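Printed here is run00.txt (compact mmCIF, C-alpha atoms and all ligand atoms):
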# COMPACT_ATOMS: atom_id res chain seq x y z
CA MET A 1181 -7.47 -23.91 -20.86
CA THR A 1182 -5.62 -25.20 -23.92
CA SER A 1183 -8.42 -26.32 -26.24
CA ASN A 1184 -7.99 -23.13 -28.26
CA PRO A 1185 -4.40 -23.26 -29.53
CA SER A 1186 -4.31 -19.52 -30.25
CA PHE A 1187 -5.14 -18.64 -26.64
CA GLN A 1188 -1.63 -18.11 -25.33
CA PRO A 1189 -1.53 -15.28 -22.83
CA ALA A 1190 1.90 -13.72 -22.36
CA HIS A 1191 1.47 -14.19 -18.60
CA THR A 1192 -0.84 -16.21 -16.37
CA THR A 1193 -0.81 -15.54 -12.65
CA PRO A 1194 -2.71 -17.80 -10.26
CA VAL A 1195 -4.47 -16.32 -7.26
CA ASP A 1196 -4.29 -18.99 -4.60
CA LEU A 1197 -7.42 -18.92 -2.46
CA ALA A 1198 -8.27 -22.58 -1.91
CA GLU A 1199 -11.63 -23.35 -3.59
CA ARG A 1200 -11.92 -19.72 -4.70
CA SER A 1201 -8.62 -19.81 -6.64
CA TYR A 1202 -8.51 -18.40 -10.15
CA ASP A 1203 -6.13 -17.25 -12.90
CA ILE A 1204 -5.30 -13.78 -14.14
CA HIS A 1205 -4.38 -13.85 -17.84
CA ILE A 1206 -2.38 -10.90 -19.11
CA GLY A 1207 -1.22 -9.98 -22.61
CA PRO A 1208 -2.06 -8.25 -25.87
CA ASP A 1209 -5.22 -9.14 -27.81
CA LEU A 1210 -6.77 -11.38 -25.17
CA LEU A 1211 -10.20 -9.81 -25.51
CA ARG A 1212 -10.99 -11.81 -28.61
CA HIS A 1213 -10.55 -14.97 -26.52
CA ALA A 1214 -13.15 -13.96 -23.92
CA GLY A 1215 -15.72 -16.39 -25.33
CA HIS A 1216 -13.24 -19.26 -25.19
CA VAL A 1217 -12.30 -18.47 -21.59
CA LEU A 1218 -15.94 -18.23 -20.54
CA LYS A 1219 -16.89 -21.46 -22.29
CA THR A 1220 -13.97 -23.32 -20.75
CA LEU A 1221 -14.82 -22.20 -17.22
CA SER A 1222 -18.59 -22.32 -17.42
CA ALA A 1223 -19.79 -24.44 -20.34
CA GLY A 1224 -23.33 -23.64 -21.50
CA ALA A 1225 -23.48 -20.39 -19.50
CA ARG A 1226 -25.17 -17.25 -20.70
CA ALA A 1227 -23.52 -13.90 -20.12
CA LEU A 1228 -24.55 -10.44 -19.00
CA ILE A 1229 -21.96 -7.87 -20.06
CA ILE A 1230 -21.73 -4.79 -17.84
CA SER A 1231 -19.70 -1.93 -19.28
CA ASP A 1232 -19.57 1.85 -19.51
CA SER A 1233 -20.17 3.77 -22.71
CA HIS A 1234 -16.52 4.81 -23.23
CA VAL A 1235 -15.23 1.27 -23.00
CA PHE A 1236 -18.11 -0.27 -24.90
CA GLU A 1237 -17.81 2.16 -27.80
CA HIS A 1238 -14.11 1.38 -28.20
CA HIS A 1239 -14.02 -2.33 -27.51
CA GLY A 1240 -17.55 -3.72 -27.22
CA HIS A 1241 -17.53 -5.12 -30.74
CA THR A 1242 -14.45 -7.28 -30.05
CA LEU A 1243 -15.96 -8.77 -26.90
CA VAL A 1244 -19.36 -9.35 -28.51
CA GLN A 1245 -17.76 -10.94 -31.57
CA SER A 1246 -15.80 -13.28 -29.34
CA LEU A 1247 -18.95 -14.43 -27.51
CA GLU A 1248 -20.77 -14.89 -30.82
CA ASP A 1249 -17.90 -16.94 -32.25
CA ASP A 1250 -18.31 -19.32 -29.34
CA ALA A 1251 -22.12 -19.32 -29.63
CA ILE A 1252 -22.59 -17.81 -26.17
CA ALA A 1253 -25.95 -16.12 -25.56
CA TYR A 1254 -25.51 -12.70 -23.99
CA GLU A 1255 -27.16 -9.43 -23.11
CA THR A 1256 -25.51 -6.08 -22.54
CA HIS A 1257 -26.04 -3.32 -19.99
CA VAL A 1258 -24.06 -0.10 -20.48
CA VAL A 1259 -23.82 2.48 -17.67
CA THR A 1260 -22.68 6.11 -17.58
CA PRO A 1261 -18.87 6.38 -17.16
CA GLY A 1262 -17.58 7.72 -13.86
CA GLU A 1263 -17.61 7.27 -10.10
CA PRO A 1264 -21.30 8.28 -9.60
CA SER A 1265 -22.27 4.98 -11.24
CA LYS A 1266 -20.96 3.17 -8.15
CA SER A 1267 -24.27 3.74 -6.39
CA TRP A 1268 -27.61 2.10 -5.51
CA GLN A 1269 -29.58 3.08 -8.61
CA PRO A 1270 -27.19 1.63 -11.23
CA LEU A 1271 -26.70 -1.43 -9.00
CA GLN A 1272 -30.43 -1.95 -8.80
CA GLU A 1273 -30.75 -1.68 -12.57
CA ILE A 1274 -28.10 -4.35 -13.11
CA VAL A 1275 -29.68 -6.76 -10.63
CA ASP A 1276 -33.06 -6.09 -12.21
CA LYS A 1277 -31.65 -6.81 -15.66
CA ALA A 1278 -30.01 -10.04 -14.47
CA LEU A 1279 -33.24 -11.26 -12.87
CA SER A 1280 -35.36 -10.23 -15.88
CA MET A 1281 -33.18 -12.24 -18.23
CA ARG A 1282 -33.50 -15.12 -15.72
CA LEU A 1283 -29.78 -15.42 -15.18
CA GLU A 1284 -28.97 -18.57 -13.22
CA ARG A 1285 -26.15 -19.22 -10.78
CA GLY A 1286 -24.04 -20.97 -13.43
CA ASP A 1287 -24.37 -17.98 -15.75
CA VAL A 1288 -21.79 -15.24 -15.86
CA ILE A 1289 -21.67 -11.51 -15.31
CA ILE A 1290 -18.78 -9.98 -17.28
CA ALA A 1291 -17.40 -6.80 -15.70
CA PHE A 1292 -15.95 -5.03 -18.73
CA GLY A 1293 -14.42 -1.69 -17.83
CA GLY A 1294 -12.30 0.23 -15.35
CA GLY A 1295 -12.43 -0.02 -11.58
CA VAL A 1296 -15.88 1.54 -11.40
CA ILE A 1297 -17.38 -1.22 -13.53
CA GLY A 1298 -15.36 -3.94 -11.77
CA ASP A 1299 -16.59 -2.83 -8.35
CA LEU A 1300 -20.19 -2.26 -9.45
CA ALA A 1301 -20.68 -5.35 -11.62
CA GLY A 1302 -18.68 -7.48 -9.17
CA PHE A 1303 -20.98 -6.48 -6.33
CA ALA A 1304 -24.05 -7.13 -8.50
CA ALA A 1305 -22.67 -10.63 -9.20
CA ALA A 1306 -22.10 -11.18 -5.47
CA ILE A 1307 -25.67 -10.37 -4.46
CA THR A 1308 -27.74 -11.62 -7.40
CA LEU A 1309 -29.11 -15.07 -6.43
CA ARG A 1310 -26.55 -14.90 -3.58
CA GLY A 1311 -23.82 -15.14 -6.18
CA VAL A 1312 -23.69 -15.66 -9.94
CA ARG A 1313 -20.41 -16.29 -11.69
CA LEU A 1314 -18.16 -13.35 -12.50
CA ILE A 1315 -15.42 -12.72 -15.06
CA GLN A 1316 -13.41 -9.52 -14.74
CA ILE A 1317 -12.17 -7.92 -17.96
CA PRO A 1318 -10.41 -4.81 -16.63
CA THR A 1319 -9.75 -2.10 -19.21
CA SER A 1320 -7.92 0.65 -17.28
CA LEU A 1321 -4.35 0.32 -16.04
CA LEU A 1322 -5.57 0.84 -12.48
CA ALA A 1323 -8.13 -1.93 -12.86
CA GLN A 1324 -5.59 -4.33 -14.42
CA VAL A 1325 -2.99 -3.91 -11.69
CA ASP A 1326 -5.22 -3.31 -8.71
CA SER A 1327 -9.01 -3.31 -8.55
CA SER A 1328 -9.70 -6.49 -10.57
CA VAL A 1329 -7.39 -8.53 -8.34
CA GLY A 1330 -8.36 -9.50 -4.82
CA GLY A 1331 -12.13 -9.70 -4.79
CA LYS A 1332 -13.15 -6.40 -3.22
CA THR A 1333 -16.39 -5.21 -4.82
CA GLY A 1334 -18.87 -2.54 -3.87
CA ILE A 1335 -20.47 0.85 -4.24
CA ASN A 1336 -20.23 4.23 -2.52
CA ALA A 1337 -22.59 5.51 0.18
CA ARG A 1338 -23.69 9.06 0.94
CA GLN A 1339 -21.47 8.74 4.02
CA GLY A 1340 -18.31 7.80 2.15
CA LYS A 1341 -16.58 5.82 -0.59
CA ASN A 1342 -16.69 2.02 -0.81
CA LEU A 1343 -18.73 1.64 2.38
CA ILE A 1344 -21.13 -0.95 0.93
CA GLY A 1345 -19.76 -4.12 -0.60
CA ALA A 1346 -18.62 -7.71 -0.46
CA PHE A 1347 -15.55 -9.83 -1.00
CA TYR A 1348 -16.35 -11.77 -4.16
CA GLN A 1349 -13.76 -13.58 -6.27
CA PRO A 1350 -14.14 -13.98 -10.04
CA LEU A 1351 -13.76 -17.17 -12.11
CA ALA A 1352 -10.95 -15.47 -14.03
CA VAL A 1353 -9.46 -12.11 -14.88
CA LEU A 1354 -8.60 -11.28 -18.49
CA ALA A 1355 -6.31 -8.25 -18.81
CA ASP A 1356 -5.85 -7.29 -22.46
CA THR A 1357 -2.90 -4.90 -22.54
CA HIS A 1358 -3.84 -3.50 -25.97
CA VAL A 1359 -7.16 -2.09 -24.80
CA LEU A 1360 -5.12 0.37 -22.72
CA ASP A 1361 -4.13 2.13 -25.97
CA THR A 1362 -7.47 3.96 -25.93
CA LEU A 1363 -7.27 4.93 -22.25
CA PRO A 1364 -6.92 8.72 -21.78
CA ALA A 1365 -3.26 9.60 -21.03
CA ARG A 1366 -4.10 11.05 -17.62
CA GLU A 1367 -5.81 7.80 -16.59
CA PHE A 1368 -2.81 5.78 -17.77
CA ARG A 1369 -0.44 7.92 -15.71
CA ALA A 1370 -2.72 7.60 -12.69
CA GLY A 1371 -2.66 3.81 -12.99
CA PHE A 1372 1.12 3.96 -13.27
CA ALA A 1373 1.26 5.48 -9.78
CA GLU A 1374 -0.21 2.20 -8.49
CA VAL A 1375 2.40 0.27 -10.51
CA ILE A 1376 5.19 2.25 -8.82
CA LYS A 1377 3.51 1.54 -5.47
CA TYR A 1378 4.26 -2.20 -5.79
CA GLY A 1379 7.97 -1.44 -6.16
CA LEU A 1380 7.89 0.82 -3.13
CA ILE A 1381 6.02 -1.70 -0.96
CA ASN A 1382 8.36 -4.68 -1.15
CA ASP A 1383 10.21 -4.96 -4.46
CA ALA A 1384 13.15 -2.59 -4.87
CA ALA A 1385 14.32 -4.49 -7.98
CA PHE A 1386 10.96 -3.84 -9.62
CA PHE A 1387 11.28 -0.13 -8.82
CA THR A 1388 14.72 -0.07 -10.51
CA TRP A 1389 13.27 -1.97 -13.48
CA LEU A 1390 10.50 0.65 -13.77
CA GLU A 1391 13.10 3.44 -13.80
CA THR A 1392 14.61 1.78 -16.88
CA HIS A 1393 11.47 0.63 -18.69
CA ARG A 1394 8.97 3.40 -17.94
CA HIS A 1395 8.97 4.59 -21.52
CA ALA A 1396 8.39 1.14 -23.02
CA ILE A 1397 5.50 0.51 -20.61
CA PHE A 1398 3.79 3.71 -21.73
CA GLU A 1399 4.45 2.80 -25.38
CA GLY A 1400 2.80 -0.60 -24.94
CA GLY A 1401 5.44 -3.21 -25.73
CA SER A 1402 6.05 -6.51 -23.99
CA GLN A 1403 7.29 -4.57 -20.95
CA ARG A 1404 3.76 -3.28 -20.41
CA ALA A 1405 2.42 -6.82 -20.04
CA GLU A 1406 5.39 -7.74 -17.87
CA ALA A 1407 4.83 -4.76 -15.55
CA ILE A 1408 1.14 -5.60 -15.17
CA ALA A 1409 1.94 -9.26 -14.52
CA ARG A 1410 4.47 -8.35 -11.82
CA CYS A 1411 1.90 -6.11 -10.11
CA CYS A 1412 -0.77 -8.81 -10.27
CA ARG A 1413 1.65 -11.35 -8.80
CA ALA A 1414 2.54 -8.95 -6.00
CA LYS A 1415 -1.09 -8.23 -5.18
CA ALA A 1416 -2.09 -11.90 -5.55
CA ASN A 1417 0.59 -12.90 -3.04
CA ILE A 1418 -0.54 -10.35 -0.51
CA VAL A 1419 -4.22 -11.23 -1.00
CA ALA A 1420 -3.53 -14.98 -0.74
CA GLU A 1421 -1.97 -14.36 2.67
CA ASP A 1422 -4.59 -11.93 3.92
CA GLU A 1423 -7.80 -12.07 1.84
CA ARG A 1424 -9.88 -9.99 4.26
CA GLU A 1425 -7.36 -7.32 5.22
CA LYS A 1426 -6.67 -8.33 8.76
CA GLY A 1427 -2.95 -7.57 8.45
CA ARG A 1428 -0.48 -7.45 5.57
CA ARG A 1429 -3.03 -6.45 2.93
CA ALA A 1430 -2.95 -2.97 4.49
CA LEU A 1431 0.47 -2.47 2.84
CA LEU A 1432 -1.44 -1.90 -0.40
CA ASN A 1433 -2.65 1.34 1.17
CA LEU A 1434 0.81 2.91 0.84
CA GLY A 1435 0.22 6.56 -0.07
CA HIS A 1436 -3.53 6.13 0.27
CA THR A 1437 -4.22 7.71 3.66
CA PHE A 1438 -2.59 10.98 2.60
CA GLY A 1439 -3.97 10.55 -0.94
CA HIS A 1440 -7.55 9.99 0.18
CA ALA A 1441 -7.35 13.11 2.34
CA LEU A 1442 -6.38 15.13 -0.73
CA GLU A 1443 -9.13 13.48 -2.79
CA GLY A 1444 -11.61 14.31 -0.03
CA LEU A 1445 -10.46 17.92 0.03
CA CYS A 1446 -11.11 18.04 -3.73
CA HIS A 1447 -14.59 16.53 -3.12
CA TYR A 1448 -13.54 13.54 -5.20
CA ASP A 1449 -13.68 15.76 -8.25
CA GLY A 1450 -11.63 13.86 -10.84
CA SER A 1451 -11.09 16.99 -12.91
CA LYS A 1452 -9.01 18.34 -9.99
CA LEU A 1453 -7.36 15.15 -8.76
CA VAL A 1454 -7.73 11.61 -10.01
CA HIS A 1455 -7.13 8.78 -7.54
CA GLY A 1456 -3.69 7.80 -8.86
CA GLU A 1457 -2.50 11.41 -8.65
CA GLY A 1458 -3.59 11.44 -5.00
CA VAL A 1459 -1.64 8.20 -4.51
CA ALA A 1460 1.46 9.72 -6.14
CA LEU A 1461 1.29 12.71 -3.80
CA GLY A 1462 0.55 10.43 -0.85
CA MET A 1463 3.55 8.18 -1.60
CA VAL A 1464 5.85 11.21 -1.65
CA MET A 1465 4.39 12.29 1.71
CA ALA A 1466 4.77 8.80 3.19
CA PHE A 1467 8.44 8.69 2.17
CA ALA A 1468 9.11 12.31 3.15
CA PHE A 1469 7.63 11.61 6.59
CA SER A 1470 9.63 8.35 6.82
CA GLN A 1471 12.76 10.29 5.92
CA GLU A 1472 12.04 12.91 8.56
CA MET A 1473 11.62 10.12 11.12
CA GLY A 1474 15.09 8.85 10.20
CA LEU A 1475 13.73 5.71 8.53
CA ALA A 1476 14.27 6.27 4.80
CA SER A 1477 17.12 8.06 3.03
CA LYS A 1478 17.03 11.34 1.12
CA ASP A 1479 18.34 9.49 -1.94
CA ASP A 1480 15.36 7.15 -1.95
CA LEU A 1481 12.96 10.07 -1.71
CA ALA A 1482 14.76 11.80 -4.57
CA ARG A 1483 14.53 8.68 -6.78
CA ILE A 1484 10.79 8.41 -6.13
CA ILE A 1485 10.21 12.06 -6.99
CA THR A 1486 12.29 11.72 -10.18
CA LEU A 1487 10.34 8.67 -11.39
CA LEU A 1488 6.95 10.19 -10.58
CA LYS A 1489 7.82 13.45 -12.33
CA ALA A 1490 9.20 11.65 -15.38
CA SER A 1491 5.89 9.76 -15.53
CA GLY A 1492 3.92 13.01 -15.57
CA LEU A 1493 2.64 12.57 -12.01
CA PRO A 1494 2.42 15.30 -9.36
CA VAL A 1495 4.78 15.30 -6.37
CA HIS A 1496 3.56 18.28 -4.35
CA PRO A 1497 -0.03 19.52 -3.87
CA SER A 1498 0.88 23.15 -4.49
CA GLU A 1499 2.11 22.28 -8.00
CA HIS A 1500 -1.08 20.46 -8.83
CA LEU A 1501 -4.04 21.97 -6.99
CA SER A 1502 -5.33 25.48 -7.51
CA GLU A 1503 -6.29 25.93 -3.84
CA ALA A 1504 -3.88 25.76 -0.92
CA VAL A 1505 -4.16 22.74 1.37
CA THR A 1506 -3.44 23.00 5.10
CA ALA A 1507 -2.20 20.41 7.57
CA GLU A 1508 -5.37 20.87 9.66
CA GLN A 1509 -7.59 20.09 6.68
CA MET A 1510 -5.59 16.98 5.81
CA MET A 1511 -5.56 15.74 9.42
CA HIS A 1512 -9.32 16.19 9.60
CA PHE A 1513 -9.81 13.88 6.60
CA MET A 1514 -7.15 11.39 7.69
CA LEU A 1515 -8.82 10.88 11.05
CA GLN A 1516 -12.15 10.21 9.32
CA ASP A 1517 -10.68 7.46 7.13
CA LYS A 1518 -12.48 4.13 7.59
CA LYS A 1519 -9.09 2.54 8.33
CA VAL A 1520 -8.72 4.65 11.48
CA SER A 1521 -9.87 2.64 14.46
CA LYS A 1522 -10.61 4.24 17.84
CA GLY A 1523 -8.76 7.43 16.93
CA SER A 1524 -5.35 5.79 16.42
CA LEU A 1525 -3.64 6.59 13.16
CA THR A 1526 -2.17 3.75 11.10
CA LEU A 1527 0.12 4.73 8.24
CA ILE A 1528 2.22 2.77 5.78
CA LEU A 1529 5.78 4.03 6.27
CA ALA A 1530 9.07 2.79 4.84
CA ARG A 1531 12.64 2.04 5.77
CA GLY A 1532 13.55 2.61 2.13
CA ILE A 1533 12.35 1.69 -1.35
CA GLY A 1534 10.90 -1.83 -1.17
CA HIS A 1535 10.80 -1.82 2.63
CA SER A 1536 7.38 -0.53 3.60
CA PHE A 1537 5.70 -1.51 6.85
CA ILE A 1538 2.48 -0.97 8.74
CA ALA A 1539 3.04 1.67 11.44
CA ARG A 1540 0.27 1.56 14.02
CA ASP A 1541 -0.51 4.29 16.53
CA VAL A 1542 1.53 6.92 14.73
CA ASP A 1543 1.85 10.10 16.80
CA GLN A 1544 -0.74 12.48 15.34
CA GLY A 1545 1.23 15.54 16.48
CA LYS A 1546 4.29 14.42 14.53
CA VAL A 1547 2.24 13.82 11.38
CA SER A 1548 0.57 17.20 11.73
CA ASP A 1549 3.93 18.99 12.25
CA PHE A 1550 5.38 17.17 9.27
CA LEU A 1551 2.46 18.17 7.06
CA THR A 1552 2.73 21.80 8.16
CA ARG A 1553 6.38 21.88 7.07
CA PHE A 1554 5.86 19.83 3.91
CA LEU A 1555 2.93 21.91 2.70
CA ALA A 1556 4.67 25.21 3.50
CA HIS A 1557 7.42 24.37 1.02
CA HIS A 1558 6.28 24.54 -2.53
CA THR A 1559 8.27 21.56 -3.71
CA ALA A 1560 8.67 18.06 -2.32
CA VAL A 1561 12.43 18.42 -1.64
N1 LIG A 1601 -11.86 -3.21 -5.65
C1 LIG A 1601 -10.64 -2.77 -5.40
O1 LIG A 1601 -9.81 -3.47 -4.80
C2 LIG A 1601 -10.27 -1.40 -5.87
C3 LIG A 1601 -8.93 -1.01 -5.82
C4 LIG A 1601 -8.60 0.25 -6.32
C5 LIG A 1601 -9.58 1.07 -6.85
N2 LIG A 1601 -10.88 0.66 -6.86
C6 LIG A 1601 -11.94 1.50 -7.45
O2 LIG A 1601 -11.67 1.67 -8.82
C7 LIG A 1601 -12.30 2.88 -9.26
C8 LIG A 1601 -11.35 3.62 -10.16
O3 LIG A 1601 -11.07 2.83 -11.28
P1 LIG A 1601 -10.55 3.49 -12.64
O4 LIG A 1601 -9.44 4.40 -12.35
O5 LIG A 1601 -10.34 2.37 -13.58
O6 LIG A 1601 -11.77 4.40 -13.05
P2 LIG A 1601 -12.96 4.25 -14.11
O7 LIG A 1601 -13.55 2.91 -14.11
O8 LIG A 1601 -13.87 5.40 -13.88
O9 LIG A 1601 -12.20 4.46 -15.51
C9 LIG A 1601 -11.58 5.69 -15.76
C10 LIG A 1601 -12.07 6.30 -17.06
O10 LIG A 1601 -11.45 5.62 -18.14
C11 LIG A 1601 -12.44 5.13 -19.05
N3 LIG A 1601 -11.88 3.90 -19.60
C12 LIG A 1601 -11.61 2.75 -18.93
N4 LIG A 1601 -11.01 1.89 -19.76
C13 LIG A 1601 -10.87 2.50 -20.96
C14 LIG A 1601 -10.30 2.13 -22.20
N5 LIG A 1601 -9.67 0.96 -22.37
N6 LIG A 1601 -10.38 3.02 -23.23
C15 LIG A 1601 -10.98 4.23 -23.05
N7 LIG A 1601 -11.50 4.65 -21.90
C16 LIG A 1601 -11.45 3.79 -20.86
C17 LIG A 1601 -13.69 4.99 -18.24
O11 LIG A 1601 -14.83 5.06 -19.05
C18 LIG A 1601 -13.56 6.18 -17.29
O12 LIG A 1601 -14.03 7.34 -17.95
C19 LIG A 1601 -12.68 3.65 -8.01
O13 LIG A 1601 -14.07 3.58 -7.84
C20 LIG A 1601 -11.98 2.89 -6.89
O14 LIG A 1601 -12.69 2.94 -5.67
C21 LIG A 1601 -11.23 -0.56 -6.39
ZN ZN A 1602 -5.37 3.03 -5.15

Using the file provided, produce a representation of the structure as structure tokens.
Amino acid sequence: MTSNPSFQPAHTTPVDLAERSYDIHIGPDLLRHAGHVLKTLSAGARALIISDSHVFEHHGHTLVQSLEDDAIAYETHVVTPGEPSKSWQPLQEIVDKALSMRLERGDVIIAFGGGVIGDLAGFAAAITLRGVRLIQIPTSLLAQVDSSVGGKTGINARQGKNLIGAFYQPLAVLADTHVLDTLPAREFRAGFAEVIKYGLINDAAFFTWLETHRHAIFEGGSQRAEAIARCCRAKANIVAEDEREKGRRALLNLGHTFGHALEGLCHYDGSKLVHGEGVALGMVMAFAFSQEMGLASKDDLARIITLLKASGLPVHPSEHLSEAVTAEQMMHFMLQDKKVSKGSLTLILARGIGHSFIARDVDQGKVSDFLTRFLAHHTAV
């Protein structure tokens, strides 16, 4: 992809999946090269841009200009921002739009937005004509470090989140680190919880680096692009080993079983708890439980709490939620999680920062006792 000399992403990370391999390009001001990237990967293709109104109002003109500069024919479909758009009706409208404009298999759907748009438009690309081409242009920090990488796409069902979907890999991912400047601060912090997660899973040096560079990442310098690239590399490595989550990919759920329970208790109401805040709380719980089991040290738990707090993230439910949460309520949600099979509880626990592991068949009584004690205190330590 060198025909355009000014297209020089700060980082390019390959995702190695045999014939479904692709590159993730990361750096400032990449959006204006979207047309070039599309043309290089799918010459002569038309494009259908899927976005939400927040993202499109801020950055639509840059994307559209880039396609026009490269003489790419396109149409646009803008959905309502927010999780409810990950549902049948908006999906149906996108597929209908794609078929009405007679999109062909060589044409491209561009998913231009946060994780909601990536999941929704990605799934539409997977099922339209049994698969049209897809380019992910993630615009939230969470989407750049997590949801745009790895090929999981889908929508929510009445029965639960993300229950309908497909694995569908894009042609490329273009993560413009400048577009994050318009992301609401709370959303940026929430995405940062997922960044910290990669350090906790298997990269203690990255965690230490984040302790030092947190401020610069929030400010948006070269460290922001570097942090995102390191996360993408980490996720790409895990996905390349285990594309369909039969084993190691489950490590990415660190903090998520506890976090999803809290999100469920808040009825997935983002005004109460956004996903990354749930993950922050869940990671503290995973490490506090690991510490209680004699696996992780108190010092490690203290470092995690310090970094989360300094990043403006919550570390204990009682400090963040207006209503009290009980161990019984959390256990109820945790045992409903789609990752629970035949009643046995799998958690991601840790032997320290950077040493997480998949713990199968965790004793439910011990988890419940731990939660009772943890929730009774009003701080995490
Ligand atoms: N597929 C996966 O592997 C995977 C992984 C993690 C999460 N997810 C999914 O991702 C979704 C959450 O993603 P999210 O946190 O990005 O939420 P989101 O897409 O709802 O975006 C959050 C908010 O930020 C706004 N926004 C996004 N980019 C912006 C920008 N640059 N400037 C201004 N506003 C901007 C959006 O309009 C929205 O209001 C959930 O549905 C979750 O299930 C998927
Ligand atoms: Zn997550």

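A distance search around ligand ZN 1602 (chain A) (7 Å at most, all atoms listed in the file) returns the following protein and nucleic acid residues: Glu1374, His1436, His1455, Gly1456 and Val1459 of chain A.
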
Residues near stretch 1505-1508 of chain A, cut-off 9 Å, only C-alpha atoms, skip fewer than 5 positions along chain, as a VMD selection string: chain A and resid 1442 1445 1497 to 1498 1513 1547 to 1556

Residues within 9 Å of stretch 1534-1539 of chain A, all atoms listed in the file, excluding chain neighbours under 6 positions, as a ChimeraX atom specification: /A:1378-1387,1427-1428,1430-1431,1434,1525-1528

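Across A:Val1296, A:Ala1223, A:Ile1397, A:Ala1409, the tightest approach to A:Pro1318 is made by A:Val1296 when counting all atoms listed in the file.
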
Near-A:Glu1423 list (9 Å; all atoms listed in the file; drop same-chain fewer than 3 positions) as a PDB file with C-alpha atoms, in the frame of the given file:
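File produced: out_11.pdb:
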ATOM      1  CA  LEU A1197      -7.420 -18.920  -2.460  1.00  0.00           C
ATOM      2  CA  GLY A1330      -8.360  -9.500  -4.820  1.00  0.00           C
ATOM      3  CA  GLY A1331     -12.130  -9.700  -4.790  1.00  0.00           C
ATOM      4  CA  PHE A1347     -15.550  -9.830  -1.000  1.00  0.00           C
ATOM      5  CA  ILE A1418      -0.540 -10.350  -0.510  1.00  0.00           C
ATOM      6  CA  VAL A1419      -4.220 -11.230  -1.000  1.00  0.00           C
ATOM      7  CA  ALA A1420      -3.530 -14.980  -0.740  1.00  0.00           C
ATOM      8  CA  LYS A1426      -6.670  -8.330   8.760  1.00  0.00           C
ATOM      9  CA  ARG A1429      -3.030  -6.450   2.930  1.00  0.00           C
TER      10      ARG A1429
END

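Coordinates place atom CA of A:Gly1224 at a distance of 8.9 Å from atom CA of A:Ala1253.
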
So that I can see what lies close to stretch 1364-1370 of chain A, please list as a ChimeraX atom specification the residues with an atom at most 7 Å from it, counting all atoms listed in the file and leaving out residues fewer than 4 positions away in the same chain. /A:1321,1454-1457,1491-1493

Take the residues from that selection and put them in a file with C-alpha atoms, as a tab-separated table (two decimals), in the coordinates of the input.
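This is the output file part28.tsv:
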chain	number	residue	atom	x	y	z
A	1321	LEU	CA	-4.35	0.32	-16.04
A	1454	VAL	CA	-7.73	11.61	-10.01
A	1455	HIS	CA	-7.13	8.78	-7.54
A	1456	GLY	CA	-3.69	7.80	-8.86
A	1457	GLU	CA	-2.50	11.41	-8.65
A	1491	SER	CA	5.89	9.76	-15.53
A	1492	GLY	CA	3.92	13.01	-15.57
A	1493	LEU	CA	2.64	12.57	-12.01

Can you tell me which residues surround A:Phe1467 at a distance of at most 9 Å, considering only C-alpha atoms, apart from same-chain residues fewer than 6 positions away, and format the answer as a list in words? Gly1435, Leu1475, Ala1476, Ser1477, Asp1480, Leu1481, Ile1484, Leu1529, Ala1530, Arg1531, Gly1532 and Ile1533 of chain A

Edge lengths and centre in Å to one decimal, as JSON, is what I'm after for the box along x, y and z that holds all listed atoms of stretch 1384-1402 of chain A once 3 Å is added on each side.
{"center_x": 8.8, "center_y": -1.0, "center_z": -15.3, "size_x": 17.9, "size_y": 17.1, "size_z": 26.9}

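Minimum atom-to-atom distances from A:Ile1290, A:Leu1363, A:Ile1344, A:Val1244 to A:Lys1266 were compared using only C-alpha atoms, and the lowest value belongs to A:Ile1344.
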
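Atom CA of A:Ser1280 to atom CA of A:Glu1237 spans 24.6 Å [interatomic distance, one decimal].
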
Taking all atoms listed in the file into account, report as a ChimeraX atom specification which residues have an atom no farther than 8 Å from an atom of ligand LIG 1601 (chain A). /A:1232-1235,1238-1239,1261-1263,1266,1293-1299,1318-1323,1326-1335,1341-1342,1359-1364,1367,1370-1371,1454-1456

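Nearest to A:Ile1274 of all the residues A:Thr1242, A:Thr1256, A:Gln1516, A:Thr1220 is A:Thr1256, counting only C-alpha atoms.
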
Using only C-alpha atoms: which of A:Ala1414, A:Leu1343, A:Ala1355, A:Ile1376 has the shortest distance to A:Val1464: A:Ile1376

Which value, in Å to one decimal, gives the distance between atom CA of A:Arg1282 and atom CA of A:Leu1210? 28.6 Å

Distance criterion (all atoms listed in the file): nearest to A:Arg1540 out of A:Ser1524, A:Thr1357, A:Thr1193, A:Thr1559: A:Ser1524

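The smallest atom-to-atom distance between A:Arg1338 and any of A:Phe1187, A:Trp1268, A:Phe1236, A:Phe1469, using all atoms listed in the file, is found for A:Trp1268.
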